[in-house]
Amino acid sequence: MPPQRSAAEWHGEPSIRGKSEATRMILLTFSLIGLQLTWGLEQTYCTPYLLSLGMSKSTTSAVWIAGPLSGLLVQPIVGALADRSTSRFGRRRPFMVVGSAVTSLCLILLGWTKEIVGIVTDSKSVIIVTAVLGIYALDFAINVVQACCRSIIVDVLPTTQQQTGSAWAARMAASGHVVGFLIGTLPLVDILPLWLGGDTQFKKMCLVATLGLFFAVGVTCYSVTERVLLRQSDDDASQSVTAVLTSLWSRIWNLPPRIQQICWCQFWGWIGWFPFLFYSSTWVGETYYRYEHPEQAGGSSSTSTDNLGNIGRLGSLSLVLFSIVTLISSVLLPYLVLKPQDHPENLPNGTSKGRGRFTPRPPPSLGKEIQKVLMRIYESSAATNRYKPDLVTTWALSNLLFALIMVWAPFVTSLRFATTLVALCGVPWAVSCWAPFAEMGVEINRLAHGGDGPTAAMMTSGGYRAVHPTDEDDDIEMELGTAGRPNGLLQRSDEAGAESGELAGIYLEPGKNDATSEGGSGSDKAGDGNKYLNLKGVNSIAVCLFIGAVCAVVAAEATRRLKRMR
């Protein structure tokens with residue numbers, strides 16, 4: 001008889017502070033506001049900063065490989081390491097705090113690169129290399145925080161709450177987007193003293209992003225309590241780092257079919273979105289210079305020669321409109337989409353479509369008239385469910401909407417038209433920041449509770465079953481889904497509970513925005529931007545945006561196939 005292998009041992013139950021569901025969701029996802037500030041600073045300020053150091057456009061494009069590369073490598077590895085963490089503070093929060101500290105150091109290095117390198121040498125090439133390495137280190141560090149901020153949502157919330165949690169995550173990211181723009185438009189050099197952040201806008205924004213990240217991550221870490229892994233299973237404890245990486249690589253190619261399809265949807269979706277996220281503000285500014293600049297229209301001399309800075313400022317208006325539309329869409333769209341627990345396939349036999357599992361009855365103390373009004377509201381809400389699209393359908397439609405908008409990019413000849421297109425993209429972007437994470441979280445939890453096939457339990461998160469708020473405690477408590485299961489299945493589920501971050505990290509690339517703010521770093525000299533403009537021939541950025549639209553159509557088809565796999 002083969003020896004029995006011990007399962008993982010856990011202590012405690014996850015909880016979130018707060019009396020209402022909205023408060024708990026805000027606290028759980030609040031860290032994403034700080035993340036968005038950091039991503040926005042990098043995306044908006046670092047390109048003009050590198051250009052001001054003397055790098056070419058093509059070289060800066062190569063630098064931005066750091067984003068997808070770090071997401072591809074760091075998130076799965078950090079997820080796997082966090083899954084095996086036995087820290088008394090939980091599996092995700094220690095990585096969030098340490099990652100935030102490293103991110104802050106990278107921001108300081110970027111903001112004060114010239115001063116730090118100047119201690120040793122004044123070589124321009126050394127300054128450029130240091131700045132590029134700082135960007136790569138920043139991308140890798142922030143992905144550590146990003147991976148755990150997303151994984152903690154999957155860990156803490158049950159299946160019925162995954163869609164709601166991802167919707168709130170999108171709202172927090174959009175809020176960080178708006179906050180970043182508002183702060184970036186302020187003249188921080190005039191508002192803040194010289195000793196607080198240095199003498200340029202870029203340096204002061206680095207300080208603001210650092211403080212914002214620490215505050216946002218601190219709020220989530222304080223408000224959320226994780227269950228603690230006391231001892232790993234024998235299989236996990238015996239694995240070396242090499243074995244973990246080998247296992248991770250194997251699982252990438254052996255994911256459950258539906259999760260594989262989610263990855264393909266996200267793959268084509270991100271190819272479509274990357275040109276927009278990195279170059280939309282530059283495209284808006286260059287459109288102005290191509291068709292509406294005074295030198296182009298009337299042949300007169302321009303009153304301003306800082307074209308690089310002007311492009312950033314022109315693009316900032318379109319991006320703030322984009323962020324506002326994203327925020328509004330993130331708030332409203334979840335109410336127009338069918339929730340998982342209301343889907344007909346998730347309702348018990350004999351339950352009519354659009355109805356919940358039971359009919360709520362108002363308290364008798366409210367009186368008969370009030371009870372009648374409340375029941376009518378409930379019945380109206382239940383009736384409208386039959387007309388609501390599910391999340392996968394909404395995701396597919398958002399990809400088609402993005403393609404329909406960006407297909408016009410090569411034909412844009414005015415600043416107003418370009419700004420309108422960028423702003424409209426806020427609607428599909430809100431869905432893209434919400435739907436893939438919600439679908440992945442639902443699938444992980446569904447497999448953990450008795451999914452398809454024998455390997456499902458080995459690759460999914462632990463068995464959280466439901467949310468049970470109590471009258472005695474303001475915290476929201478989760479119960480382990482252990483009742484009524486055979487011992488063997490229970491042990492495998494507990495072992496698999498350590499791997500939700502690893503699975504999520506395989507595919508959940510960070511949702512980076514081209515966050516809004518003033519376009520320049522504050523260090524560009526007048527006239528430096530002229531040589532970076534290429535206004536002759538085909539608008540290459542518009543062509544890239546058009547290619548992104550084509551990829552969005554492919555993503556929509558992949559999402560349609562995902563719906564058929566339900």
# chains A, B, ... in the order shown; residues from 1 in each chain; ligands from 1
call {"tool": "residues_around", "arguments": {"residues": "stretch 190-197 of chain A", "least_positions_apart": "5", "cutoff": "8 Å", "atoms": "only C-alpha atoms", "output": "number ranges by chain"}}
result
A: 203-207
call {"tool": "residues_around", "arguments": {"residues": "A:Phe411", "least_positions_apart": "4", "cutoff": "10 Å", "atoms": "only C-alpha atoms", "output": "PDB file with C-alpha atoms, in the first residue's frame"}}
result
ATOM      1  CA  MET A 406      -9.996  52.342 -34.616  1.00  0.00           C
ATOM      2  CA  VAL A 407     -10.646  51.316 -38.231  1.00  0.00           C
ATOM      3  CA  PHE A 417     -12.062  63.689 -34.837  1.00  0.00           C
ATOM      4  CA  ALA A 418      -8.949  62.047 -33.366  1.00  0.00           C
ATOM      5  CA  ASN A 539       1.057  58.137 -40.753  1.00  0.00           C
ATOM      6  CA  ALA A 542      -2.482  55.386 -37.716  1.00  0.00           C
ATOM      7  CA  VAL A 543      -1.529  52.230 -39.614  1.00  0.00           C
ATOM      8  CA  PHE A 546      -5.707  50.063 -37.926  1.00  0.00           C
TER       9      PHE A 546
END
call {"tool": "closest_residue", "arguments": {"among": "A:Ile444, A:Ala137, A:Leu32, A:Leu186", "to": "A:Leu157", "atoms": "only C-alpha atoms"}}
result
A:Ile444
call {"tool": "atom_distance", "arguments": {"atom1": "atom CA of A:Lys388", "atom2": "atom CA of A:Thr164"}}
result
15.7 Å
call {"tool": "atom_distance", "arguments": {"atom1": "atom CA of A:Arg171", "atom2": "atom CA of A:Val337"}}
result
15.3 Å
call {"tool": "closest_residue", "arguments": {"among": "A:Val179, A:Ala131, A:Cys221, A:Val538", "to": "A:Arg93", "atoms": "only C-alpha atoms"}}
result
A:Cys221
call {"tool": "select_by_dssp", "arguments": {"residues": "stretch 45-238 of chain A", "states": "strand (DSSP E or B)", "output": "PyMOL selection string"}}
result
chain A and resi 224-225+228-231
call {"tool": "atom_distance", "arguments": {"atom1": "atom CA of A:Asn143", "atom2": "atom CA of A:Phe202"}}
result
21.7 Å
